[in-house]
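Structure below is my_file34.tsv: TSV, C-alpha atoms and all ligand atoms.
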chain	number	residue	atom	x	y	z
O	1	MET	CA	0.00	0.00	0.00
O	2	LEU	CA	1.20	3.52	-0.77
O	3	PRO	CA	2.47	5.00	2.48
O	4	PHE	CA	0.51	8.28	2.19
O	5	ILE	CA	-2.92	6.59	1.81
O	6	ARG	CA	-5.42	6.31	4.70
O	7	SER	CA	-5.11	2.74	5.97
O	8	ASP	CA	-8.91	2.28	6.33
O	9	LEU	CA	-9.31	2.58	2.54
O	10	THR	CA	-7.41	-0.66	1.84
O	11	GLN	CA	-10.47	-2.75	2.68
O	12	PHE	CA	-12.71	-1.20	-0.02
O	13	ALA	CA	-13.14	-2.36	-3.58
O	14	ALA	CA	-13.81	0.15	-6.37
O	15	TYR	CA	-17.43	0.19	-7.49
O	16	THR	CA	-17.93	-1.94	-10.60
O	17	PRO	CA	-21.18	-1.56	-12.49
O	18	HIS	CA	-22.62	-4.84	-13.74
O	19	PRO	CA	-20.08	-6.88	-11.72
O	20	GLU	CA	-21.76	-10.08	-12.90
O	21	ALA	CA	-20.78	-9.27	-16.49
O	22	SER	CA	-17.18	-8.27	-15.82
O	23	GLY	CA	-14.66	-10.33	-17.71
O	24	GLU	CA	-17.33	-11.61	-20.08
O	25	THR	CA	-17.06	-11.24	-23.79
O	26	LEU	CA	-20.65	-10.47	-24.79
O	27	PRO	CA	-21.21	-6.86	-25.93
O	28	PRO	CA	-23.53	-4.90	-23.61
O	29	ALA	CA	-26.43	-4.91	-26.06
O	30	GLN	CA	-26.64	-8.70	-25.96
O	31	TRP	CA	-27.12	-8.97	-22.24
O	32	ASP	CA	-30.53	-8.54	-20.70
O	33	ARG	CA	-29.34	-5.93	-18.19
O	34	LEU	CA	-31.92	-6.27	-15.45
O	35	ASP	CA	-29.53	-5.46	-12.60
O	36	THR	CA	-29.49	-1.65	-12.33
O	37	ASN	CA	-33.15	-0.57	-12.44
O	38	GLU	CA	-32.90	1.75	-15.42
O	39	CYS	CA	-35.83	2.31	-17.75
O	40	PRO	CA	-35.38	-0.23	-20.60
O	41	PHE	CA	-36.24	2.37	-23.26
O	42	ASP	CA	-33.74	4.88	-24.64
O	43	LEU	CA	-34.88	8.47	-25.29
O	44	PRO	CA	-37.12	8.73	-28.37
O	45	GLU	CA	-35.17	9.46	-31.56
O	46	ASP	CA	-36.54	13.00	-31.98
O	47	LEU	CA	-35.53	13.98	-28.44
O	48	LYS	CA	-32.03	12.70	-29.09
O	49	GLN	CA	-31.95	14.78	-32.24
O	50	LYS	CA	-33.11	17.82	-30.32
O	51	LEU	CA	-30.29	17.26	-27.84
O	52	ALA	CA	-27.77	16.85	-30.64
O	53	TRP	CA	-29.04	20.13	-32.09
O	54	THR	CA	-28.66	21.80	-28.68
O	55	TYR	CA	-25.11	20.59	-28.49
O	56	GLN	CA	-24.31	21.89	-31.96
O	57	GLN	CA	-26.11	25.21	-31.77
O	58	GLU	CA	-26.25	26.31	-28.16
O	59	ILE	CA	-23.49	24.78	-26.11
O	60	GLU	CA	-20.11	26.45	-26.20
O	61	ALA	CA	-17.74	23.57	-25.52
O	62	ASN	CA	-14.92	25.95	-24.55
O	63	ARG	CA	-16.95	27.63	-21.79
O	64	TYR	CA	-17.67	26.38	-18.29
O	65	PRO	CA	-21.28	25.31	-17.79
O	66	ASP	CA	-23.79	27.35	-15.79
O	67	GLY	CA	-22.55	26.66	-12.27
O	68	SER	CA	-25.76	27.96	-10.66
O	69	HIS	CA	-28.07	25.44	-12.44
O	70	LEU	CA	-30.77	28.07	-12.04
O	71	ALA	CA	-32.93	27.23	-15.05
O	72	LEU	CA	-32.80	23.52	-14.20
O	73	LYS	CA	-33.61	24.16	-10.53
O	74	GLN	CA	-36.64	26.22	-11.50
O	75	ALA	CA	-37.89	23.46	-13.78
O	76	ILE	CA	-37.35	20.89	-11.01
O	77	ALA	CA	-39.20	23.07	-8.46
O	78	THR	CA	-42.16	23.30	-10.84
O	79	TYR	CA	-42.13	19.52	-11.26
O	80	ALA	CA	-41.87	18.97	-7.47
O	81	ASN	CA	-44.80	21.34	-6.93
O	82	GLU	CA	-47.06	19.10	-9.01
O	83	ALA	CA	-47.14	16.71	-6.05
O	84	LEU	CA	-48.34	19.41	-3.62
O	85	ALA	CA	-52.00	20.07	-2.92
O	86	ASP	CA	-51.84	23.75	-3.87
O	87	ARG	CA	-49.18	23.16	-6.53
O	88	SER	CA	-46.81	25.70	-5.06
O	89	GLY	CA	-44.37	25.88	-2.18
O	90	PHE	CA	-41.08	24.85	-3.72
O	91	THR	CA	-38.80	27.34	-5.44
O	92	ALA	CA	-35.30	27.06	-6.88
O	93	GLN	CA	-34.05	27.79	-3.33
O	94	HIS	CA	-35.37	24.42	-2.19
O	95	ILE	CA	-33.39	22.52	-4.85
O	96	SER	CA	-29.78	21.43	-5.17
O	97	VAL	CA	-28.62	19.45	-8.19
O	98	GLY	CA	-25.95	16.76	-8.17
O	99	ASN	CA	-23.90	14.63	-10.53
O	100	GLY	CA	-26.31	11.81	-9.88
O	101	SER	CA	-28.05	11.59	-6.52
O	102	ASP	CA	-24.91	9.73	-5.44
O	103	GLU	CA	-23.13	13.09	-5.34
O	104	LEU	CA	-25.90	14.53	-3.16
O	105	ILE	CA	-25.58	11.61	-0.75
O	106	ARG	CA	-21.90	12.42	-0.42
O	107	SER	CA	-22.58	16.16	-0.02
O	108	LEU	CA	-25.10	15.41	2.73
O	109	LEU	CA	-22.51	13.25	4.51
O	110	ILE	CA	-19.89	15.98	4.22
O	111	ALA	CA	-22.35	18.57	5.53
O	112	THR	CA	-23.50	16.52	8.54
O	113	CYS	CA	-21.02	13.93	9.77
O	114	LEU	CA	-17.60	14.49	8.29
O	115	GLY	CA	-14.99	15.42	10.86
O	116	ASN	CA	-17.36	15.74	13.81
O	117	GLY	CA	-17.55	12.16	15.05
O	118	ALA	CA	-21.14	11.59	13.96
O	119	ALA	CA	-22.60	8.42	12.43
O	120	VAL	CA	-25.32	7.49	9.94
O	121	PHE	CA	-28.07	4.89	10.32
O	122	VAL	CA	-29.28	2.45	7.65
O	123	ALA	CA	-31.61	-0.56	7.98
O	124	ASP	CA	-30.44	-3.50	5.84
O	125	PRO	CA	-31.16	-4.59	3.22
O	126	THR	CA	-31.22	-1.17	1.58
O	127	PHE	CA	-29.36	0.86	-1.06
O	128	SER	CA	-25.69	0.10	-0.48
O	129	MET	CA	-24.31	3.47	-1.54
O	130	TYR	CA	-25.12	5.25	1.76
O	131	ALA	CA	-22.80	3.00	3.74
O	132	ILE	CA	-20.16	2.82	1.02
O	133	LEU	CA	-19.92	6.59	0.67
O	134	ALA	CA	-19.98	7.09	4.44
O	135	GLN	CA	-17.15	4.62	4.95
O	136	THR	CA	-14.95	6.17	2.27
O	137	LEU	CA	-15.27	9.42	4.24
O	138	GLY	CA	-14.42	7.66	7.50
O	139	ILE	CA	-17.97	8.11	8.82
O	140	PRO	CA	-19.24	5.26	11.03
O	141	VAL	CA	-22.34	3.36	9.90
O	142	VAL	CA	-24.85	2.09	12.46
O	143	ARG	CA	-26.95	-0.73	11.02
O	144	GLY	CA	-30.48	-1.82	11.77
O	145	ASP	CA	-32.53	-4.63	10.30
O	146	ARG	CA	-35.93	-5.25	8.75
O	147	THR	CA	-38.85	-7.59	9.35
O	148	GLU	CA	-38.72	-10.31	6.75
O	149	SER	CA	-42.46	-10.46	6.17
O	150	ASP	CA	-42.66	-6.99	4.60
O	151	PHE	CA	-39.16	-5.48	4.96
O	152	ALA	CA	-40.40	-2.66	7.17
O	153	MET	CA	-37.62	-1.41	9.47
O	154	ASN	CA	-37.38	-3.08	12.84
O	155	LEU	CA	-38.19	0.05	14.83
O	156	GLU	CA	-37.19	-1.41	18.17
O	157	THR	CA	-33.64	-2.14	17.09
O	158	ALA	CA	-33.56	1.16	15.19
O	159	THR	CA	-34.52	3.09	18.33
O	160	ALA	CA	-31.99	1.15	20.36
O	161	ALA	CA	-29.28	1.84	17.77
O	162	LEU	CA	-30.01	5.56	17.85
O	163	CYS	CA	-29.92	5.68	21.65
O	164	SER	CA	-26.85	3.51	22.06
O	165	SER	CA	-23.94	5.16	23.78
O	166	HIS	CA	-21.55	2.55	22.35
O	167	SER	CA	-21.35	4.16	18.94
O	168	ALA	CA	-20.92	7.70	17.64
O	169	PRO	CA	-24.15	9.73	17.82
O	170	VAL	CA	-26.36	9.24	14.75
O	171	ARG	CA	-26.90	12.45	12.79
O	172	VAL	CA	-28.47	11.06	9.62
O	173	VAL	CA	-31.06	8.35	8.93
O	174	PHE	CA	-31.27	7.12	5.33
O	175	VAL	CA	-34.46	5.52	4.00
O	176	VAL	CA	-35.57	4.68	0.47
O	177	HIS	CA	-39.25	5.12	-0.43
O	178	PRO	CA	-39.92	2.59	-1.92
O	179	ASN	CA	-36.91	0.66	-0.64
O	180	SER	CA	-34.30	-0.86	-2.91
O	181	PRO	CA	-33.78	-3.80	-3.24
O	182	THR	CA	-37.03	-4.89	-1.58
O	183	GLY	CA	-39.64	-2.62	-3.25
O	184	ASN	CA	-41.71	-1.75	-0.15
O	185	ARG	CA	-43.06	1.70	0.66
O	186	LEU	CA	-42.57	3.21	4.11
O	187	THR	CA	-45.39	2.09	6.40
O	188	ALA	CA	-47.46	4.39	8.63
O	189	ALA	CA	-45.49	3.11	11.64
O	190	GLU	CA	-42.16	3.86	9.96
O	191	LEU	CA	-43.38	7.34	9.05
O	192	ASP	CA	-44.49	8.00	12.63
O	193	TRP	CA	-41.09	6.85	13.84
O	194	LEU	CA	-39.26	9.12	11.39
O	195	ARG	CA	-41.47	12.07	12.35
O	196	GLN	CA	-40.74	11.69	16.04
O	197	LEU	CA	-36.97	11.73	15.59
O	198	SER	CA	-35.06	14.61	17.11
O	199	PRO	CA	-34.77	17.69	14.86
O	200	GLU	CA	-31.03	17.21	15.36
O	201	ILE	CA	-31.19	14.15	13.11
O	202	LEU	CA	-31.40	14.61	9.34
O	203	VAL	CA	-33.95	12.29	7.68
O	204	VAL	CA	-32.98	11.51	4.07
O	205	VAL	CA	-35.85	10.06	2.05
O	206	ASP	CA	-34.51	8.71	-1.24
O	207	GLU	CA	-37.32	8.74	-3.81
O	208	ALA	CA	-35.32	7.35	-6.73
O	209	TYR	CA	-38.44	5.39	-7.77
O	210	PHE	CA	-41.00	8.16	-7.20
O	211	GLU	CA	-42.30	8.14	-10.76
O	212	PHE	CA	-43.08	4.42	-10.41
O	213	SER	CA	-44.54	4.51	-6.90
O	214	GLN	CA	-46.33	7.86	-7.32
O	215	THR	CA	-46.07	8.44	-3.58
O	216	THR	CA	-43.91	11.23	-2.28
O	217	LEU	CA	-43.01	12.68	1.09
O	218	ALA	CA	-41.91	15.99	-0.46
O	219	PRO	CA	-44.64	17.97	1.39
O	220	GLU	CA	-42.93	17.05	4.68
O	221	VAL	CA	-39.95	19.18	3.72
O	222	LEU	CA	-42.08	22.33	4.02
O	223	GLN	CA	-42.86	21.48	7.64
O	224	ARG	CA	-39.67	19.75	8.69
O	225	PRO	CA	-36.34	21.41	7.99
O	226	ASN	CA	-34.60	18.17	9.04
O	227	TRP	CA	-36.10	16.19	6.13
O	228	VAL	CA	-34.64	16.05	2.63
O	229	ILE	CA	-35.95	14.26	-0.44
O	230	LEU	CA	-33.54	12.84	-3.04
O	231	ARG	CA	-34.63	12.05	-6.58
O	232	THR	CA	-32.84	11.11	-9.78
O	233	PHE	CA	-33.13	11.36	-13.54
O	234	SER	CA	-31.44	7.95	-13.85
O	235	LYS	CA	-34.58	5.82	-13.61
O	236	ALA	CA	-37.99	6.87	-15.00
O	237	PHE	CA	-36.52	9.85	-16.90
O	238	ARG	CA	-34.14	7.59	-18.86
O	239	LEU	CA	-31.03	9.73	-18.32
O	240	ALA	CA	-28.72	7.38	-16.41
O	241	ALA	CA	-25.97	8.14	-18.94
O	242	HIS	CA	-26.11	11.83	-18.00
O	243	ARG	CA	-25.70	11.61	-14.21
O	244	VAL	CA	-28.21	13.98	-12.68
O	245	GLY	CA	-30.07	13.88	-9.39
O	246	TYR	CA	-31.58	16.49	-7.10
O	247	ALA	CA	-32.43	17.24	-3.50
O	248	ILE	CA	-35.62	18.93	-2.31
O	249	ALA	CA	-34.72	20.54	1.00
O	250	ASP	CA	-35.25	23.43	3.33
O	251	PRO	CA	-33.56	26.47	1.72
O	252	ASP	CA	-30.97	26.58	4.52
O	253	LEU	CA	-29.99	22.96	3.88
O	254	ALA	CA	-30.05	23.44	0.09
O	255	ALA	CA	-27.68	26.41	0.53
O	256	ILE	CA	-25.25	24.20	2.47
O	257	LEU	CA	-25.38	21.55	-0.25
O	258	GLU	CA	-24.45	24.28	-2.72
O	259	LYS	CA	-21.44	25.17	-0.58
O	260	VAL	CA	-19.96	21.70	-0.37
O	261	ARG	CA	-20.44	20.59	-3.97
O	262	LEU	CA	-17.87	21.02	-6.72
O	263	PRO	CA	-18.35	24.33	-8.57
O	264	TYR	CA	-19.13	22.86	-12.03
O	265	ASN	CA	-20.53	19.51	-10.98
O	266	LEU	CA	-22.98	19.24	-13.87
O	267	PRO	CA	-21.82	19.40	-17.50
O	268	ALA	CA	-23.70	21.78	-19.81
O	269	TYR	CA	-24.95	18.90	-21.93
O	270	THR	CA	-26.33	17.11	-18.87
O	271	GLN	CA	-28.19	20.22	-17.72
O	272	ALA	CA	-29.67	20.56	-21.22
O	273	ALA	CA	-30.71	16.89	-21.22
O	274	ALA	CA	-32.42	17.18	-17.83
O	275	GLN	CA	-34.32	20.26	-18.98
O	276	VAL	CA	-35.45	18.55	-22.16
O	277	ALA	CA	-36.55	15.50	-20.16
O	278	LEU	CA	-38.59	17.64	-17.77
O	279	ALA	CA	-40.16	19.63	-20.59
O	280	GLN	CA	-41.11	16.34	-22.29
O	281	ARG	CA	-42.09	14.53	-19.11
O	282	GLN	CA	-45.57	13.65	-20.29
O	283	LEU	CA	-44.11	11.80	-23.23
O	284	LEU	CA	-41.31	10.11	-21.27
O	285	LEU	CA	-43.46	9.10	-18.31
O	286	GLN	CA	-46.07	7.58	-20.63
O	287	ALA	CA	-43.99	4.40	-20.51
O	288	ILE	CA	-44.65	3.98	-16.80
O	289	PRO	CA	-48.13	2.38	-16.85
O	290	GLU	CA	-46.80	-0.11	-19.40
O	291	LEU	CA	-43.79	-0.94	-17.20
O	292	LEU	CA	-46.01	-1.33	-14.14
O	293	ALA	CA	-48.29	-3.67	-16.09
O	294	GLU	CA	-45.20	-5.66	-17.14
O	295	ARG	CA	-44.11	-5.76	-13.50
O	296	ASP	CA	-47.48	-7.15	-12.45
O	297	ARG	CA	-47.42	-9.76	-15.22
O	298	LEU	CA	-43.90	-10.80	-14.24
O	299	GLN	CA	-44.89	-10.94	-10.59
O	300	GLN	CA	-47.89	-13.13	-11.34
O	301	ALA	CA	-45.88	-15.49	-13.49
O	302	LEU	CA	-43.13	-15.74	-10.87
O	303	ALA	CA	-45.73	-16.48	-8.20
O	304	ALA	CA	-46.42	-19.76	-10.00
O	305	PHE	CA	-42.98	-21.09	-9.06
O	306	PRO	CA	-43.51	-22.83	-5.71
O	307	THR	CA	-39.86	-22.58	-4.64
O	308	LEU	CA	-39.67	-18.80	-5.01
O	309	ARG	CA	-40.67	-16.37	-2.30
O	310	LEU	CA	-41.83	-13.00	-3.63
O	311	TRP	CA	-42.65	-9.65	-2.10
O	312	PRO	CA	-44.95	-6.94	-3.51
O	313	SER	CA	-43.17	-4.04	-5.24
O	314	ALA	CA	-44.07	-0.37	-5.59
O	315	ALA	CA	-41.18	0.22	-7.99
O	316	ASN	CA	-39.82	-1.01	-11.35
O	317	PHE	CA	-38.18	-4.13	-9.94
O	318	ILE	CA	-39.11	-7.33	-8.16
O	319	TYR	CA	-37.42	-8.85	-5.13
O	320	LEU	CA	-37.43	-12.58	-4.52
O	321	ARG	CA	-35.61	-15.37	-2.77
O	322	ALA	CA	-35.19	-19.06	-3.47
O	323	GLN	CA	-35.46	-21.60	-0.65
O	324	THR	CA	-31.89	-21.21	0.54
O	325	GLU	CA	-29.20	-18.60	0.19
O	326	ALA	CA	-27.17	-21.08	-1.87
O	327	ALA	CA	-30.09	-21.72	-4.24
O	328	THR	CA	-30.60	-17.96	-4.56
O	329	ALA	CA	-26.96	-17.41	-5.51
O	330	GLN	CA	-27.11	-20.35	-7.92
O	331	LEU	CA	-30.16	-18.86	-9.64
O	332	ALA	CA	-28.33	-15.56	-10.27
O	333	GLN	CA	-25.30	-17.44	-11.60
O	334	THR	CA	-27.30	-19.64	-13.93
O	335	LEU	CA	-29.33	-16.72	-15.27
O	336	LYS	CA	-26.10	-14.90	-15.97
O	337	ALA	CA	-24.72	-17.88	-17.84
O	338	GLN	CA	-27.78	-17.57	-20.09
O	339	GLY	CA	-27.34	-13.83	-20.62
O	340	THR	CA	-29.63	-12.27	-17.99
O	341	LEU	CA	-28.01	-10.00	-15.43
O	342	ILE	CA	-29.89	-9.51	-12.17
O	343	ARG	CA	-28.73	-8.19	-8.81
O	344	HIS	CA	-27.97	-10.63	-6.00
O	345	THR	CA	-28.13	-8.52	-2.86
O	346	GLY	CA	-29.44	-8.57	0.67
O	347	GLY	CA	-29.86	-12.34	0.53
O	348	GLY	CA	-32.24	-12.16	-2.43
O	349	LEU	CA	-32.52	-11.33	-6.10
O	350	ARG	CA	-33.61	-7.99	-7.47
O	351	ILE	CA	-34.87	-8.17	-11.04
O	352	THR	CA	-35.46	-4.94	-12.96
O	353	VAL	CA	-38.62	-4.89	-15.07
O	354	GLY	CA	-37.33	-4.78	-18.64
O	355	THR	CA	-38.99	-4.75	-22.04
O	356	ALA	CA	-41.71	-7.32	-22.71
O	357	ALA	CA	-39.19	-9.42	-24.65
O	358	GLU	CA	-36.62	-9.28	-21.84
O	359	ASN	CA	-39.21	-10.22	-19.24
O	360	ARG	CA	-40.39	-13.11	-21.36
O	361	ARG	CA	-36.83	-14.40	-21.71
O	362	THR	CA	-36.27	-14.05	-17.96
O	363	LEU	CA	-39.36	-16.14	-17.28
O	364	GLU	CA	-38.42	-18.78	-19.83
O	365	ARG	CA	-34.93	-19.07	-18.41
O	366	LEU	CA	-36.19	-19.26	-14.83
O	367	GLN	CA	-38.72	-21.88	-15.85
O	368	GLN	CA	-35.99	-24.00	-17.41
O	369	ILE	CA	-33.63	-23.61	-14.45
O	370	LEU	CA	-36.24	-24.35	-11.82
O	371	ALA	CA	-37.76	-27.26	-13.76
O	372	SER	CA	-34.35	-28.93	-14.15
O	373	ARG	CA	-33.95	-28.89	-10.39
O	374	LEU	CA	-37.14	-30.83	-9.63
A	1	LIG	C1	-30.71	4.22	-8.71
A	1	LIG	C2	-30.74	4.84	-7.38
A	1	LIG	C3	-30.23	6.11	-7.17
A	1	LIG	C4	-29.74	6.89	-8.35
A	1	LIG	O1	-28.49	7.31	-8.26
A	1	LIG	P1	-27.90	8.29	-9.37
A	1	LIG	O2	-26.58	8.62	-8.79
A	1	LIG	O3	-28.82	9.48	-9.44
A	1	LIG	O4	-27.86	7.54	-10.65
A	1	LIG	C5	-30.29	6.66	-5.92
A	1	LIG	N1	-30.85	5.98	-4.89
A	1	LIG	C6	-31.36	4.76	-5.06
A	1	LIG	C7	-32.01	4.07	-3.94
A	1	LIG	C8	-31.31	4.15	-6.30
A	1	LIG	O5	-31.81	2.93	-6.48

If you took the structure in this file and wrote it as structure tokens, what would it be?
Ligand SMILES: *Cc1c(COP(=O)(O)O)cnc(C)c1O
Amino acid sequence: MLPFIRSDLTQFAAYTPHPEASGETLPPAQWDRLDTNECPFDLPEDLKQKLAWTYQQEIEANRYPDGSHLALKQAIATYANEALADRSGFTAQHISVGNGSDELIRSLLIATCLGNGAAVFVADPTFSMYAILAQTLGIPVVRGDRTESDFAMNLETATAALCSSHSAPVRVVFVVHPNSPTGNRLTAAELDWLRQLSPEILVVVDEAYFEFSQTTLAPEVLQRPNWVILRTFSKAFRLAAHRVGYAIADPDLAAILEKVRLPYNLPAYTQAAAQVALAQRQLLLQAIPELLAERDRLQQALAAFPTLRLWPSAANFIYLRAQTEAATAQLAQTLKAQGTLIRHTGGGLRITVGTAAENRRTLERLQQILASRL
């Protein structure tokens, strides 16, 4: 190890997207990539052409991008207001934009825990990036668990973890609504628990799958300055290639996020793409009912396999387990050998809802694998 590097970093591996496919020879287009929860459809051809035109005619490649993101923030505030009863309340001051919501997670960690001995809380299984990013910053992670019947957080152990004097004091609680990888929305009991937390604890509600679940806790932000909502353009808006996410927060918190981010964190082309996607949201989000119908079909078909245990999903993916952890791992391996990538995580399998053809292939492959085991 290089002598000037922090010793705690030696234990981490660099993040590899599609780890199941690494070292394989198939080109990306030939895999069924059902492991990262993107929308299976690319932008429509005419929107891509519009973006190409924007690049040619409007973007000066030699100039720094707009570092204030003002136009994009205004468009996001308008979109966020659509979920509010009186359709107003959020302004550009409530929004901070990141290079993916991953960047915002890191900015939140820097703004709350870095260098002051504070910890974050996550209940497993959940999105792994909170703990990974915390640990790379040397921030301790306090872990809770979930009830296996519905993957709601175990609130007793969560409360105990937050009160424990053995660990650093928890300053941030991360939840995903609906949770990844398990697909469940926050329950009324979980919401009550989050609402009764001390105002000295930041509650991060990650709504990466908002457009699929159509339930948001954004209105809470107007009453609770210690709540922040994270969303992304990487899923329903089909812009994973562009890296753009946003926070909806109290203006004081949004201002802090602006202070800790990099000055030009969002390329000009990415800002343009996000604005085009928002302006065309009716068109882009039209695919959602179709994807949800595909999800329900997939779910029903999977329910016919007696050895699989399934949970309901409010998002664009399905979570399941085989009878044993070994059988679950084997299923992921065998699917991969046939060209379907899914995510093996949290002791189960998370399968992204793909195109109708991809979903059909997934079912056929599963059928074959499970039948050959009988
Ligand atoms: C996909 C996903 C994100 C998106 O991250 P980006 O950096 O915006 O691509 C964030 N949170 C969760 C829970 C996700 O599943």

Practice task
Using all atoms listed in the file, find each protein or nucleic acid residue lying at most 10 Å from ligand LIG 1 (chain A); present the set as a ChimeraX atom specification.
Solution key: /O:36-38,98-105,126-130,174-181,205-209,230-236,239-246,315

Can you list every residue of region 85-185 of chain O that has an atom at most 10 Å from region 1-18 of chain O, with its nearest atom pair and the distance in Å to one decimal, using all atoms listed in the file, ordered by chain then number, as a tab-separated table?
residue	atom	partner	partner_atom	distance
O:Met129	CA	O:Tyr15	CA	9.7
O:Ile132	CA	O:Phe12	CA	8.5
O:Gln135	CA	O:Leu9	CA	8.5
O:Thr136	CA	O:Leu9	CA	6.7
O:Leu137	CA	O:Leu9	CA	9.2
O:Gly138	CA	O:Asp8	CA	7.8

If you keep C-alpha atoms, can you produce a file of those selected residues as a tab-separated table (two decimals), in the frame of the given file?
chain	number	residue	atom	x	y	z
O	129	MET	CA	-24.31	3.47	-1.54
O	132	ILE	CA	-20.16	2.82	1.02
O	135	GLN	CA	-17.15	4.62	4.95
O	136	THR	CA	-14.95	6.17	2.27
O	137	LEU	CA	-15.27	9.42	4.24
O	138	GLY	CA	-14.42	7.66	7.50

Practice task
Would you mind reading off the distance between CA of Ala304 (chain O) and CA of Leu363 (chain O), one decimal, in Å?
Solution key: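 Taking CA of Ala304 (chain O) and CA of Leu363 (chain O), their separation equals 10.8 Å.
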
Exercise for the section: Point out the residue among O:Gly339, O:Pro65, O:Gly347, O:Pro44 with the least atom-to-atom distance to Tyr269 (chain O), counting only C-alpha atoms. Expected result: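 Under the stated criterion, the closest residue is O:Pro65.
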
Handout entry: Residue nearest Ile318 (chain O) - candidates O:Val204, O:Leu34, O:Ile110, O:Leu266, atoms counted: all atoms listed in the file
Key = O:Leu34

Exercise for the section: Identify which of the residues O:Ser164, O:Thr345, O:Gln57, O:Gln368 lies closest to Ala329 (chain O), counting all atoms listed in the file when measuring atom-to-atom distances. Expected result: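 The closest residue to Ala329 (chain O) is O:Thr345.
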
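With all atoms listed in the file as the atoms that count, the residue of O:Leu186, O:Ala249, O:Val228, O:Val260 with the shortest distance to Ala314 (chain O) is O:Leu186.
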
Problem - Residue among O:Ala322, O:Cys39, O:Ile76, O:Ala71 lying closest to Ala247 (chain O), counting all atoms listed in the file - result: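 For Ala247 (chain O), the nearest of the given residues is O:Ile76.
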
Can you rebuild region 199-203 of chain O with all heavy atoms and give it as a PDB file, in the coordinates of the input?
ATOM      1  N   PRO O 199     -35.116  16.786  15.979  1.00  0.00           N
ATOM      2  CA  PRO O 199     -34.770  17.690  14.860  1.00  0.00           C
ATOM      3  C   PRO O 199     -33.261  17.803  14.642  1.00  0.00           C
ATOM      4  O   PRO O 199     -32.819  18.390  13.658  1.00  0.00           O
ATOM      5  CB  PRO O 199     -35.367  19.034  15.280  1.00  0.00           C
ATOM      6  CG  PRO O 199     -35.828  18.892  16.685  1.00  0.00           C
ATOM      7  CD  PRO O 199     -35.845  17.447  17.053  1.00  0.00           C
ATOM      8  N   GLU O 200     -32.489  17.216  15.554  1.00  0.00           N
ATOM      9  CA  GLU O 200     -31.030  17.210  15.360  1.00  0.00           C
ATOM     10  C   GLU O 200     -30.569  16.059  14.475  1.00  0.00           C
ATOM     11  O   GLU O 200     -29.369  15.876  14.252  1.00  0.00           O
ATOM     12  CB  GLU O 200     -30.319  17.140  16.719  1.00  0.00           C
ATOM     13  CG  GLU O 200     -30.515  18.425  17.500  1.00  0.00           C
ATOM     14  CD  GLU O 200     -29.841  18.419  18.862  1.00  0.00           C
ATOM     15  OE1 GLU O 200     -29.067  17.484  19.148  1.00  0.00           O
ATOM     16  OE2 GLU O 200     -30.115  19.347  19.613  1.00  0.00           O
ATOM     17  N   ILE O 201     -31.526  15.238  14.033  1.00  0.00           N
ATOM     18  CA  ILE O 201     -31.190  14.150  13.110  1.00  0.00           C
ATOM     19  C   ILE O 201     -31.771  14.476  11.735  1.00  0.00           C
ATOM     20  O   ILE O 201     -32.948  14.836  11.614  1.00  0.00           O
ATOM     21  CB  ILE O 201     -31.753  12.805  13.627  1.00  0.00           C
ATOM     22  CG1 ILE O 201     -31.036  12.424  14.929  1.00  0.00           C
ATOM     23  CG2 ILE O 201     -31.603  11.708  12.572  1.00  0.00           C
ATOM     24  CD1 ILE O 201     -31.548  11.150  15.559  1.00  0.00           C
ATOM     25  N   LEU O 202     -30.930  14.385  10.713  1.00  0.00           N
ATOM     26  CA  LEU O 202     -31.400  14.610   9.340  1.00  0.00           C
ATOM     27  C   LEU O 202     -32.035  13.322   8.817  1.00  0.00           C
ATOM     28  O   LEU O 202     -31.435  12.246   8.901  1.00  0.00           O
ATOM     29  CB  LEU O 202     -30.226  15.012   8.442  1.00  0.00           C
ATOM     30  CG  LEU O 202     -30.561  15.197   6.958  1.00  0.00           C
ATOM     31  CD1 LEU O 202     -31.480  16.392   6.732  1.00  0.00           C
ATOM     32  CD2 LEU O 202     -29.288  15.343   6.122  1.00  0.00           C
ATOM     33  N   VAL O 203     -33.254  13.434   8.283  1.00  0.00           N
ATOM     34  CA  VAL O 203     -33.950  12.290   7.680  1.00  0.00           C
ATOM     35  C   VAL O 203     -33.834  12.420   6.156  1.00  0.00           C
ATOM     36  O   VAL O 203     -34.359  13.378   5.572  1.00  0.00           O
ATOM     37  CB  VAL O 203     -35.429  12.250   8.103  1.00  0.00           C
ATOM     38  CG1 VAL O 203     -36.173  11.133   7.374  1.00  0.00           C
ATOM     39  CG2 VAL O 203     -35.546  12.086   9.613  1.00  0.00           C
TER      40      VAL O 203
END
